[in-house]
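So this one's entry_11.pdb, PDB, C-alpha atoms:
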ATOM      1  CA  MET A1155       0.000   0.000   0.000
ATOM      2  CA  SER A1156       1.361   3.446  -0.896
ATOM      3  CA  ALA A1157      -0.199   5.488   1.932
ATOM      4  CA  PRO A1158      -1.574   3.361   4.775
ATOM      5  CA  ARG A1159      -4.893   4.587   6.150
ATOM      6  CA  ILE A1160      -4.811   4.664   9.932
ATOM      7  CA  ALA A1161      -7.233   5.410  12.767
ATOM      8  CA  VAL A1162      -6.132   6.541  16.231
ATOM      9  CA  ALA A1163      -7.902   5.842  19.518
ATOM     10  CA  GLY A1164      -7.110   8.313  22.283
ATOM     11  CA  VAL A1165      -6.199  11.690  20.759
ATOM     12  CA  VAL A1166      -7.473  13.881  23.609
ATOM     13  CA  GLN A1167      -4.885  14.078  26.383
ATOM     14  CA  ARG A1168      -6.520  13.587  29.779
ATOM     15  CA  ARG A1169      -3.458  12.379  31.690
ATOM     16  CA  GLN A1170      -0.511  10.988  29.721
ATOM     17  CA  GLY A1171      -2.129  10.256  26.360
ATOM     18  CA  ILE A1172       0.113  10.638  23.328
ATOM     19  CA  GLY A1173      -2.368   9.729  20.595
ATOM     20  CA  GLN A1174      -2.254  13.187  19.013
ATOM     21  CA  TYR A1175       1.541  12.978  18.681
ATOM     22  CA  LEU A1176       1.407   9.482  17.224
ATOM     23  CA  ALA A1177      -1.093  10.807  14.670
ATOM     24  CA  ARG A1178       1.276  13.646  13.788
ATOM     25  CA  PHE A1179       4.152  11.200  13.305
ATOM     26  CA  VAL A1180       1.987   9.041  11.016
ATOM     27  CA  HIS A1181       1.261  12.143   8.928
ATOM     28  CA  GLU A1182       4.951  13.133   8.847
ATOM     29  CA  HIS A1183       6.016   9.674   7.686
ATOM     30  CA  GLY A1184       3.593   9.342   4.796
ATOM     31  CA  GLY A1185       0.604   7.621   6.368
ATOM     32  CA  GLU A1186      -2.925   9.007   6.419
ATOM     33  CA  VAL A1187      -4.827   9.444   9.690
ATOM     34  CA  VAL A1188      -8.323   9.499   8.280
ATOM     35  CA  ALA A1189     -10.322   8.767  11.446
ATOM     36  CA  PHE A1190     -10.100   8.722  15.221
ATOM     37  CA  LEU A1191     -12.019   7.162  18.083
ATOM     38  CA  GLY A1192     -13.403   8.990  21.108
ATOM     39  CA  SER A1193     -15.094   7.691  24.222
ATOM     40  CA  ARG A1194     -18.283   9.737  23.797
ATOM     41  CA  PRO A1195     -19.893  11.949  21.145
ATOM     42  CA  GLU A1196     -19.203  15.139  23.119
ATOM     43  CA  SER A1197     -15.443  14.576  22.849
ATOM     44  CA  LEU A1198     -15.319  14.221  19.063
ATOM     45  CA  ALA A1199     -15.251  17.956  18.302
ATOM     46  CA  GLU A1200     -12.388  18.397  20.766
ATOM     47  CA  GLY A1201     -10.542  15.455  19.249
ATOM     48  CA  ARG A1202     -10.853  16.847  15.744
ATOM     49  CA  SER A1203      -9.609  20.243  16.913
ATOM     50  CA  VAL A1204      -6.615  18.652  18.660
ATOM     51  CA  LEU A1205      -5.640  16.776  15.493
ATOM     52  CA  GLN A1206      -6.092  19.840  13.302
ATOM     53  CA  GLY A1207      -3.491  21.504  15.519
ATOM     54  CA  HIS A1208      -1.089  18.871  14.161
ATOM     55  CA  GLU A1209      -2.235  19.415  10.545
ATOM     56  CA  VAL A1210      -4.294  16.215  10.625
ATOM     57  CA  ASP A1211      -7.920  16.384   9.483
ATOM     58  CA  ALA A1212      -9.771  13.234  10.541
ATOM     59  CA  ARG A1213     -13.344  12.166  11.166
ATOM     60  CA  GLY A1214     -14.385  11.130  14.672
ATOM     61  CA  PHE A1215     -16.287   8.020  15.744
ATOM     62  CA  CYS A1216     -17.238   6.347  19.011
ATOM     63  CA  ASP A1217     -17.374   2.830  17.555
ATOM     64  CA  LEU A1218     -14.640   1.050  15.614
ATOM     65  CA  ARG A1219     -17.032  -1.080  13.575
ATOM     66  CA  GLU A1220     -18.909   2.025  12.444
ATOM     67  CA  LEU A1221     -15.613   3.726  11.643
ATOM     68  CA  GLN A1222     -14.483   0.809   9.489
ATOM     69  CA  SER A1223     -17.810   0.704   7.698
ATOM     70  CA  GLU A1224     -17.834   4.407   6.815
ATOM     71  CA  THR A1225     -14.115   5.296   6.639
ATOM     72  CA  PRO A1226     -12.167   2.069   6.026
ATOM     73  CA  VAL A1227      -8.640   1.905   7.451
ATOM     74  CA  ASP A1228      -5.730  -0.513   7.286
ATOM     75  CA  ALA A1229      -4.505  -0.125  10.857
ATOM     76  CA  LEU A1230      -5.397   1.143  14.311
ATOM     77  CA  ILE A1231      -3.172   2.951  16.798
ATOM     78  CA  VAL A1232      -4.422   2.373  20.351
ATOM     79  CA  ALA A1233      -3.309   5.205  22.651
ATOM     80  CA  SER A1234      -6.390   5.214  24.873
ATOM     81  CA  PRO A1235      -6.468   4.133  28.561
ATOM     82  CA  VAL A1236      -5.347   0.560  29.312
ATOM     83  CA  PRO A1237      -8.844  -0.805  30.100
ATOM     84  CA  THR A1238      -9.835  -0.036  26.493
ATOM     85  CA  HIS A1239      -6.946  -1.982  24.958
ATOM     86  CA  ALA A1240      -8.484  -5.455  25.081
ATOM     87  CA  PRO A1241     -11.815  -4.442  23.474
ATOM     88  CA  TYR A1242     -10.031  -2.524  20.712
ATOM     89  CA  LEU A1243      -7.648  -5.409  20.023
ATOM     90  CA  GLU A1244     -10.528  -7.877  19.810
ATOM     91  CA  GLN A1245     -12.384  -5.624  17.381
ATOM     92  CA  ALA A1246      -9.218  -5.045  15.330
ATOM     93  CA  LEU A1247      -8.788  -8.803  15.000
ATOM     94  CA  GLU A1248     -12.415  -9.153  13.924
ATOM     95  CA  LEU A1249     -11.991  -6.402  11.304
ATOM     96  CA  GLY A1250      -8.564  -7.511  10.081
ATOM     97  CA  LEU A1251      -6.641  -4.419  11.205
ATOM     98  CA  HIS A1252      -2.958  -4.101  12.027
ATOM     99  CA  VAL A1253      -2.329  -2.502  15.447
ATOM    100  CA  LEU A1254       0.253  -0.358  17.200
ATOM    101  CA  CYS A1255      -0.738  -0.316  20.887
ATOM    102  CA  GLU A1256       0.428   1.747  23.833
ATOM    103  CA  LYS A1257       2.070  -0.200  26.651
ATOM    104  CA  PRO A1258       1.249  -2.184  28.653
ATOM    105  CA  LEU A1259      -0.627  -4.090  25.970
ATOM    106  CA  LEU A1260      -3.107  -5.650  28.399
ATOM    107  CA  GLY A1261      -3.701  -5.433  32.122
ATOM    108  CA  ASP A1262      -3.538  -2.574  34.590
ATOM    109  CA  THR A1263      -4.539  -2.979  38.222
ATOM    110  CA  GLY A1264      -5.975  -6.476  37.948
ATOM    111  CA  ASP A1265      -4.364  -9.901  37.619
ATOM    112  CA  THR A1266      -1.063  -9.199  35.870
ATOM    113  CA  ASP A1267      -0.255 -12.876  35.352
ATOM    114  CA  ALA A1268      -3.596 -13.385  33.623
ATOM    115  CA  ALA A1269      -2.862 -10.301  31.514
ATOM    116  CA  ALA A1270       0.462 -11.821  30.461
ATOM    117  CA  THR A1271      -1.265 -15.038  29.398
ATOM    118  CA  ALA A1272      -3.870 -13.011  27.515
ATOM    119  CA  THR A1273      -1.076 -11.047  25.812
ATOM    120  CA  GLU A1274       0.575 -14.264  24.628
ATOM    121  CA  ARG A1275      -2.721 -15.479  23.199
ATOM    122  CA  MET A1276      -3.371 -12.123  21.529
ATOM    123  CA  VAL A1277       0.084 -12.158  19.919
ATOM    124  CA  THR A1278      -0.587 -15.655  18.574
ATOM    125  CA  ARG A1279      -4.000 -14.724  17.203
ATOM    126  CA  PHE A1280      -2.654 -11.681  15.349
ATOM    127  CA  ALA A1281       0.169 -13.773  13.889
ATOM    128  CA  GLU A1282      -2.290 -16.426  12.732
ATOM    129  CA  ARG A1283      -4.157 -13.753  10.771
ATOM    130  CA  GLU A1284      -0.877 -12.280   9.466
ATOM    131  CA  LEU A1285      -1.620  -8.964  11.156
ATOM    132  CA  LEU A1286       0.970  -6.714  12.778
ATOM    133  CA  LEU A1287       0.663  -6.246  16.546
ATOM    134  CA  TRP A1288       3.312  -3.865  17.903
ATOM    135  CA  GLU A1289       3.741  -2.357  21.355
ATOM    136  CA  ASN A1290       4.825   1.276  21.706
ATOM    137  CA  THR A1291       8.172   0.663  23.394
ATOM    138  CA  GLN A1292      10.356   3.300  21.764
ATOM    139  CA  TRP A1293      13.601   3.188  23.774
ATOM    140  CA  PRO A1294      15.373   0.614  21.536
ATOM    141  CA  PHE A1295      15.308   3.296  18.832
ATOM    142  CA  THR A1296      17.694   5.375  20.989
ATOM    143  CA  LEU A1297      20.509   2.830  20.631
ATOM    144  CA  PRO A1298      22.106   4.379  17.490
ATOM    145  CA  ALA A1299      22.501   7.712  19.319
ATOM    146  CA  TYR A1300      23.771   5.941  22.439
ATOM    147  CA  HIS A1301      26.476   4.149  20.442
ATOM    148  CA  GLU A1302      27.434   7.440  18.788
ATOM    149  CA  LEU A1303      28.000   8.860  22.269
ATOM    150  CA  HIS A1304      29.794   5.713  23.509
ATOM    151  CA  PRO A1305      31.143   3.881  20.432
ATOM    152  CA  ALA A1306      33.333   1.476  22.399
ATOM    153  CA  VAL A1307      30.405  -0.005  24.308
ATOM    154  CA  ALA A1308      28.987  -1.792  21.252
ATOM    155  CA  ASP A1309      32.010  -4.143  21.128
ATOM    156  CA  ALA A1310      31.729  -5.413  24.713
ATOM    157  CA  PRO A1311      29.334  -8.066  26.078
ATOM    158  CA  LEU A1312      26.644  -6.528  28.258
ATOM    159  CA  ARG A1313      27.367  -7.179  31.948
ATOM    160  CA  GLN A1314      25.603  -4.305  33.677
ATOM    161  CA  PHE A1315      22.567  -2.186  32.819
ATOM    162  CA  SER A1316      20.834   0.625  34.691
ATOM    163  CA  MET A1317      18.049   2.995  33.764
ATOM    164  CA  ARG A1318      16.438   6.026  35.375
ATOM    165  CA  LEU A1319      12.932   7.041  34.352
ATOM    166  CA  SER A1320      10.552   9.693  35.649
ATOM    167  CA  PRO A1321       6.911   8.710  35.149
ATOM    168  CA  ARG A1322       4.453  11.554  35.365
ATOM    169  CA  ALA A1323       2.637   9.982  38.306
ATOM    170  CA  GLY A1324       3.367   7.613  41.260
ATOM    171  CA  GLY A1325       3.072   5.455  43.297
ATOM    172  CA  ALA A1326       5.331   2.505  43.031
ATOM    173  CA  ALA A1327       2.826  -0.153  41.930
ATOM    174  CA  HIS A1328       1.480   2.081  39.162
ATOM    175  CA  MET A1329       4.946   3.144  37.997
ATOM    176  CA  LEU A1330       6.030  -0.480  37.647
ATOM    177  CA  ARG A1331       3.179  -1.272  35.268
ATOM    178  CA  GLU A1332       3.581   1.952  33.320
ATOM    179  CA  SER A1333       7.369   2.034  32.965
ATOM    180  CA  MET A1334       9.065  -1.366  33.214
ATOM    181  CA  SER A1335       8.360  -2.248  29.573
ATOM    182  CA  HIS A1336      10.979   0.365  28.636
ATOM    183  CA  PRO A1337      14.049  -1.138  30.366
ATOM    184  CA  LEU A1338      12.869  -4.639  29.491
ATOM    185  CA  SER A1339      12.610  -3.761  25.796
ATOM    186  CA  LEU A1340      16.074  -2.166  25.834
ATOM    187  CA  LEU A1341      17.545  -5.269  27.445
ATOM    188  CA  GLN A1342      15.842  -7.459  24.856
ATOM    189  CA  ALA A1343      17.258  -5.328  22.032
ATOM    190  CA  ILE A1344      20.819  -5.375  23.365
ATOM    191  CA  ALA A1345      21.060  -8.916  24.752
ATOM    192  CA  PRO A1346      18.065 -11.102  23.820
ATOM    193  CA  PRO A1347      16.978 -13.284  26.744
ATOM    194  CA  THR A1348      18.210 -16.863  26.805
ATOM    195  CA  GLY A1349      15.735 -18.042  29.418
ATOM    196  CA  GLU A1350      12.863 -17.175  31.712
ATOM    197  CA  GLY A1351      12.828 -15.759  35.216
ATOM    198  CA  PHE A1352      14.941 -13.252  37.125
ATOM    199  CA  GLY A1353      17.425 -13.923  39.884
ATOM    200  CA  GLY A1354      17.769 -11.706  42.930
ATOM    201  CA  LEU A1355      14.638  -9.654  42.310
ATOM    202  CA  GLY A1356      14.585  -6.858  44.894
ATOM    203  CA  PHE A1357      12.855  -3.551  45.630
ATOM    204  CA  SER A1358      13.998  -0.503  47.600
ATOM    205  CA  THR A1359      10.593  -0.074  49.258
ATOM    206  CA  ALA A1360       7.485  -2.130  49.970
ATOM    207  CA  ASP A1361       5.193   0.916  49.946
ATOM    208  CA  PRO A1362       2.815   0.765  46.935
ATOM    209  CA  SER A1363       2.218   4.539  47.199
ATOM    210  CA  ALA A1364       5.919   5.505  47.196
ATOM    211  CA  GLU A1365       6.914   7.971  44.482
ATOM    212  CA  ARG A1366      10.429   6.566  44.178
ATOM    213  CA  LEU A1367      11.345   2.928  43.664
ATOM    214  CA  GLU A1368      14.500   1.021  42.741
ATOM    215  CA  ILE A1369      14.255  -2.449  41.226
ATOM    216  CA  SER A1370      17.208  -4.810  40.918
ATOM    217  CA  PHE A1371      17.483  -8.249  39.345
ATOM    218  CA  ARG A1372      19.633 -10.565  37.261
ATOM    219  CA  TYR A1373      18.496 -10.560  33.644
ATOM    220  CA  PRO A1374      18.817 -13.885  31.773
ATOM    221  CA  GLY A1375      20.620 -12.573  28.703
ATOM    222  CA  GLY A1376      24.087 -11.996  27.350
ATOM    223  CA  GLU A1377      26.934 -14.424  27.972
ATOM    224  CA  ARG A1378      26.582 -14.688  31.755
ATOM    225  CA  GLY A1379      23.469 -12.705  32.608
ATOM    226  CA  VAL A1380      23.191  -8.979  33.238
ATOM    227  CA  ALA A1381      23.066  -7.114  36.566
ATOM    228  CA  VAL A1382      20.138  -4.678  36.300
ATOM    229  CA  ARG A1383      19.048  -1.699  38.376
ATOM    230  CA  VAL A1384      16.080   0.497  37.434
ATOM    231  CA  GLU A1385      15.139   3.695  39.264
ATOM    232  CA  LEU A1386      11.624   5.112  38.932
ATOM    233  CA  ALA A1387      10.915   8.534  40.442
ATOM    234  CA  ALA A1388       7.649  10.364  39.795
ATOM    235  CA  CYS A1389       8.073  13.777  38.161
ATOM    236  CA  PRO A1390       4.937  15.631  36.991
ATOM    237  CA  GLU A1391       6.750  18.447  35.178
ATOM    238  CA  GLN A1392       8.738  18.526  31.946
ATOM    239  CA  PRO A1393      11.527  17.888  31.269
ATOM    240  CA  ARG A1394      11.380  14.566  33.086
ATOM    241  CA  PRO A1395      14.844  13.076  33.723
ATOM    242  CA  ALA A1396      15.761   9.885  31.897
ATOM    243  CA  ALA A1397      19.061   8.085  31.415
ATOM    244  CA  TYR A1398      20.598   4.657  31.031
ATOM    245  CA  THR A1399      23.986   2.993  31.293
ATOM    246  CA  LEU A1400      25.481   0.012  29.494
ATOM    247  CA  ASN A1401      28.472  -1.379  31.386
ATOM    248  CA  GLY A1402      28.631   1.871  33.360
ATOM    249  CA  ALA A1403      28.705   4.258  30.365
ATOM    250  CA  LEU A1404      26.007   6.867  31.029
ATOM    251  CA  ALA A1405      23.762   8.624  28.510
ATOM    252  CA  GLU A1406      21.419  11.281  29.892
ATOM    253  CA  ARG A1407      18.431  12.314  27.807
ATOM    254  CA  ARG A1408      18.252  16.085  27.518
ATOM    255  CA  VAL A1409      15.219  18.007  26.309
ATOM    256  CA  CYS A1410      15.199  21.558  24.957
ATOM    257  CA  LEU A1411      11.729  22.767  25.906
ATOM    258  CA  GLU A1412      11.746  25.554  23.302
ATOM    259  CA  ASP A1413      11.572  23.148  20.366
ATOM    260  CA  TYR A1414      11.557  19.767  22.164
ATOM    261  CA  ALA A1415      14.867  18.833  20.519
ATOM    262  CA  LEU A1416      16.356  15.741  22.159
ATOM    263  CA  SER A1417      19.978  14.814  22.785
ATOM    264  CA  PHE A1418      22.091  12.327  24.714
ATOM    265  CA  GLY A1419      24.861  13.772  26.832
ATOM    266  CA  HIS A1420      27.585  12.832  29.292
ATOM    267  CA  ALA A1421      30.767  14.441  30.644
ATOM    268  CA  GLY A1422      30.657  17.462  28.356
ATOM    269  CA  ARG A1423      29.781  15.506  25.217
ATOM    270  CA  SER A1424      26.423  15.602  23.447
ATOM    271  CA  VAL A1425      24.902  13.948  20.379
ATOM    272  CA  PRO A1426      21.501  14.575  18.754
ATOM    273  CA  LEU A1427      18.791  12.067  19.656
ATOM    274  CA  PRO A1428      16.166  11.658  16.926
ATOM    275  CA  ASP A1429      12.742  11.305  18.538
ATOM    276  CA  PRO A1430      12.477   7.541  19.203
ATOM    277  CA  THR A1431       8.675   7.536  19.164
ATOM    278  CA  SER A1432       8.711   9.153  15.744
ATOM    279  CA  ALA A1433      11.202   6.493  14.608
ATOM    280  CA  LEU A1434       8.945   3.725  15.891
ATOM    281  CA  VAL A1435       5.894   5.139  14.092
ATOM    282  CA  ARG A1436       7.931   5.480  10.902
ATOM    283  CA  ALA A1437       8.925   1.807  11.148
ATOM    284  CA  PHE A1438       5.274   0.847  11.675
ATOM    285  CA  VAL A1439       4.113   2.848   8.642
ATOM    286  CA  GLU A1440       6.877   1.327   6.526
ATOM    287  CA  ALA A1441       5.971  -2.177   7.734
ATOM    288  CA  LEU A1442       2.373  -1.533   6.654
ATOM    289  CA  ARG A1443       3.753  -0.716   3.209
ATOM    290  CA  GLY A1444       5.509  -4.093   3.158
ATOM    291  CA  ALA A1445       9.000  -3.154   4.306
ATOM    292  CA  PRO A1446      10.762  -5.661   6.596
ATOM    293  CA  SER A1447       9.995  -5.118  10.266
ATOM    294  CA  PRO A1448      12.954  -3.872  12.337
ATOM    295  CA  ASP A1449      14.898  -6.454  14.314
ATOM    296  CA  LEU A1450      13.664  -5.019  17.591
ATOM    297  CA  PRO A1451      11.499  -6.406  20.445
ATOM    298  CA  LEU A1452       8.281  -4.634  19.452
ATOM    299  CA  PHE A1453       6.127  -7.601  18.483
ATOM    300  CA  GLY A1454       5.751 -11.380  18.320
ATOM    301  CA  PRO A1455       7.527 -13.676  20.815
ATOM    302  CA  ALA A1456       9.531 -10.726  22.175
ATOM    303  CA  LEU A1457       6.303  -8.982  23.160
ATOM    304  CA  SER A1458       5.052 -12.162  24.852
ATOM    305  CA  TRP A1459       8.322 -12.581  26.777
ATOM    306  CA  ARG A1460       8.172  -8.968  27.961
ATOM    307  CA  ALA A1461       4.586  -9.355  29.181
ATOM    308  CA  ARG A1462       5.572 -12.437  31.180
ATOM    309  CA  ALA A1463       8.639 -10.660  32.597
ATOM    310  CA  LEU A1464       6.543  -7.651  33.604
ATOM    311  CA  ALA A1465       4.087  -9.986  35.337
ATOM    312  CA  GLU A1466       6.937 -11.557  37.324
ATOM    313  CA  ILE A1467       8.242  -8.175  38.486
ATOM    314  CA  VAL A1468       4.794  -6.843  39.423
ATOM    315  CA  ALA A1469       3.981 -10.070  41.294
ATOM    316  CA  GLY A1470       7.301  -9.822  43.141
ATOM    317  CA  PHE A1471       6.471  -6.320  44.306
ATOM    318  CA  ALA A1472       2.980  -7.418  45.322
ATOM    319  CA  ARG A1473       4.533 -10.083  47.545
ATOM    320  CA  VAL A1474       6.899  -7.698  49.359
ATOM    321  CA  SER A1475       4.156  -5.074  49.753
ATOM    322  CA  GLY A1476       1.795  -7.632  51.276
ATOM    323  CA  ARG A1477      -0.813  -7.402  48.526
ATOM    324  CA  ILE A1478      -0.660 -11.163  47.923
TER     325      ILE A1478
END
Just give me the structure of the file as structure tokens.
Amino acid sequence: MSAPRIAVAGVVQRRQGIGQYLARFVHEHGGEVVAFLGSRPESLAEGRSVLQGHEVDARGFCDLRELQSETPVDALIVASPVPTHAPYLEQALELGLHVLCEKPLLGDTGDTDAAATATERMVTRFAERELLLWENTQWPFTLPAYHELHPAVADAPLRQFSMRLSPRAGGAAHMLRESMSHPLSLLQAIAPPTGEGFGGLGFSTADPSAERLEISFRYPGGERGVAVRVELAACPEQPRPAAYTLNGALAERRVCLEDYALSFGHAGRSVPLPDPTSALVRAFVEALRGAPSPDLPLFGPALSWRARALAEIVAGFARVSGRI
């Protein structure tokens, strides 16, 4: 297909929604956002206005089946709240639509293990219908800039990994579900897992409402496993700090708020960081056109492994916090 036709669910930002920006990236990379989904009729005018601010003119609907009947699309981007993900994915399967979905794919405050099993089944069902199912985990697209900043790191086996993220909202239990897909996807991209399960899983606090949490574990990848530490600290205001290290070499994400230009920096050095979410959307649009999918953990068995790993971490925190 020359210009994939795409619908977006979740273009009005109520809390952390990024649907409007995903729609803009689709437009920039040669796709057509021809329709969007809102939760109620009263929100459709606002949604259309938001998209027009990004030079996207799309028609609003409250029902995906109606949308597909009146404004047929090839794919759906799901950027709406997590409880809506499962219904949209089921309908996309029914209608034969490719999907790019915000993380976590399924599950929020309920049974995370059941959500992981449901994710694995969903991945299988999309594959059986030869439909794309990608998760919006953009951090692997930062690796080219990281290796430009630290070129020597690419030649060494990964032994140690750390990451610092600043979710918009706490507490600890919520931040785990919202953020852990990012370090897990980076680990998968750098050193694909060779097994299941984590050794030495630990947490700096057992308080589910805490706004800062450190998670440590042994990741089953690389030659001998990888020592991992992830720090999550709630930060409601931009720019929210983010950084990661590979074998101790630090790259800090820097944001220029005037034009939202991104860069990686450390010890007086800085390199441009192309927007990784834009890069992910570009790859999705190109895959819809028939280009090979990137060799990154966005879909398929890698997505299933990540869902199971997330379930293990969330269950581990539930045990130490006394929730199970």
Identify all residues satisfying the PyMOL selection byres ((chain A and resi 1469) around 12) in the given file; provide them as an NGL selection string. :A and (1263-1270 or 1327 or 1330-1331 or 1355-1357 or 1462-1468 or 1470-1478)
Quick one: everything within 10 Å of Pro1448 of chain A, counting all atoms listed in the file, minus sequence neighbours fewer than 5 positions away in the same chain. Send it as a tab-separated table (two decimals) with C-alpha atoms, in the coordinates of the input.
chain	number	residue	atom	x	y	z
A	1295	PHE	CA	15.31	3.30	18.83
A	1434	LEU	CA	8.94	3.72	15.89
A	1437	ALA	CA	8.93	1.81	11.15
A	1438	PHE	CA	5.27	0.85	11.68
A	1440	GLU	CA	6.88	1.33	6.53
A	1441	ALA	CA	5.97	-2.18	7.73
A	1453	PHE	CA	6.13	-7.60	18.48
Selection result for the PyMOL selection byres ((chain A and resi 1422-1431) around 7) on this file, as number ranges by chain: A: 1292-1293, 1295-1296, 1299, 1303, 1416-1421, 1432-1435
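Of the residues listed (A:His1328, A:Gly1379, A:Gln1222, A:Gly1207), A:Gly1379 shows the shortest atom-to-atom separation from Gly1353 of chain A; distances use all atoms listed in the file.
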Which residues are near Ser1234 of chain A? Cut-off 10 Å, all atoms listed in the file, ignore same chain within fewer than 3 positions. Put them as a PyMOL selection string. chain A and resi 1162-1168+1170-1173+1191-1193+1231+1237-1239+1242+1255-1256
Keeping only C-alpha atoms, write the selected residues to a file as a PDB file, in the coordinates of the input.
ATOM      1  CA  VAL A1162      -6.132   6.541  16.231  1.00  0.00           C
ATOM      2  CA  ALA A1163      -7.902   5.842  19.518  1.00  0.00           C
ATOM      3  CA  GLY A1164      -7.110   8.313  22.283  1.00  0.00           C
ATOM      4  CA  VAL A1165      -6.199  11.690  20.759  1.00  0.00           C
ATOM      5  CA  VAL A1166      -7.473  13.881  23.609  1.00  0.00           C
ATOM      6  CA  GLN A1167      -4.885  14.078  26.383  1.00  0.00           C
ATOM      7  CA  ARG A1168      -6.520  13.587  29.779  1.00  0.00           C
ATOM      8  CA  GLN A1170      -0.511  10.988  29.721  1.00  0.00           C
ATOM      9  CA  GLY A1171      -2.129  10.256  26.360  1.00  0.00           C
ATOM     10  CA  ILE A1172       0.113  10.638  23.328  1.00  0.00           C
ATOM     11  CA  GLY A1173      -2.368   9.729  20.595  1.00  0.00           C
ATOM     12  CA  LEU A1191     -12.019   7.162  18.083  1.00  0.00           C
ATOM     13  CA  GLY A1192     -13.403   8.990  21.108  1.00  0.00           C
ATOM     14  CA  SER A1193     -15.094   7.691  24.222  1.00  0.00           C
ATOM     15  CA  ILE A1231      -3.172   2.951  16.798  1.00  0.00           C
ATOM     16  CA  PRO A1237      -8.844  -0.805  30.100  1.00  0.00           C
ATOM     17  CA  THR A1238      -9.835  -0.036  26.493  1.00  0.00           C
ATOM     18  CA  HIS A1239      -6.946  -1.982  24.958  1.00  0.00           C
ATOM     19  CA  TYR A1242     -10.031  -2.524  20.712  1.00  0.00           C
ATOM     20  CA  CYS A1255      -0.738  -0.316  20.887  1.00  0.00           C
ATOM     21  CA  GLU A1256       0.428   1.747  23.833  1.00  0.00           C
TER      22      GLU A1256
END
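Closest approach to Pro1241 of chain A among A:Gly1354, A:Leu1259, A:Val1227, A:Pro1395: A:Leu1259, based on all atoms listed in the file.
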Polymer residues at most 9 Å from Ile1344 of chain A, all atoms listed in the file, same-chain spacing of 6 or more positions, as a PyMOL selection string: chain A and resi 1294+1297+1312+1375-1376
Evaluate the PyMOL selection byres ((chain A and resi 1335) around 10) and report residues as a list in words: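 For this structure, the PyMOL selection byres ((chain A and resi 1335) around 10) resolves to Lys1257, Pro1258, Leu1259, Glu1289, Asn1290, Thr1291, Gln1292, Trp1293, Leu1330, Arg1331, Glu1332, Ser1333, Met1334, His1336, Pro1337, Leu1338, Ser1339, Leu1340, Leu1341, Leu1457, Arg1460, Ala1461, Ala1463 and Leu1464 of chain A.
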Using only C-alpha atoms, which of A:Asp1309, A:Glu1385, A:Glu1302, A:Glu1224 sits nearest Ala1326 of chain A?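 That would be A:Glu1385, the residue with the smallest distance to Ala1326 of chain A.
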Which value, in Å to one decimal, gives the distance between atom CA of Pro1226 of chain A and atom CA of Ala1240 of chain A? 20.8 Å
Do you know which residues lie at most 12 Å from (-17.0, 15.7, 21.1), with coordinates as in the file and only C-alpha atoms counted, and could you write them as a list in words?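 Those residues, ordered by chain and then number, are Val1165, Val1166, Phe1190, Leu1191, Gly1192, Ser1193, Arg1194, Pro1195, Glu1196, Ser1197, Leu1198, Ala1199, Glu1200, Gly1201, Arg1202, Ser1203, Val1204, Arg1213, Gly1214, Phe1215 and Cys1216 of chain A.
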Polymer residues at most 10 Å from Phe1315 of chain A, all atoms listed in the file, same-chain spacing of 6 or more positions, as a VMD selection string: chain A and resid 1337 1340 to 1341 1372 to 1373 1380 to 1384 1398 to 1404
Step by step: start from the point (-8.1, -0.8, 18.3) in the file's coordinates, keep every protein, DNA or RNA residue that has an atom no farther than 6 Å from it, count only C-alpha atoms, and write the set as a list in words.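 It turns out the residues near that spot are Leu1230, Val1232, Tyr1242, Leu1243 and Ala1246 of chain A.
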Find, counting only C-alpha atoms, the residue in A:Arg1443, A:His1208, A:Arg1275, A:Arg1407 that gets nearest to Ala1229 of chain A.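 Going through A:Arg1443, A:His1208, A:Arg1275, A:Arg1407 one by one, the smallest distance to Ala1229 of chain A is for A:Arg1443.
Closest approach to Glu1274 of chain A among A:Leu1287, A:Val1180, A:Met1317, A:Ala1405: A:Leu1287, based on only C-alpha atoms.
Going from atom CA of Leu1452 of chain A to atom CA of Ile1369 of chain A covers 22.7 Å.
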A straight line from atom CA of Pro1158 of chain A to atom CA of Ser1223 of chain A spans 16.7 Å
I want to know what sits within 12 Å of Leu1247 of chain A, based on only C-alpha atoms, with residues of the same chain fewer than 4 positions away left out; could you give that as a PyMOL selection string? chain A and resi 1218-1219+1228-1230+1240-1243+1251-1253+1276-1287
Judged by only C-alpha atoms, the minimum distance to Ala1360 of chain A among A:His1183, A:Gly1325, A:Glu1377, A:Gln1392 is found for A:Gly1325
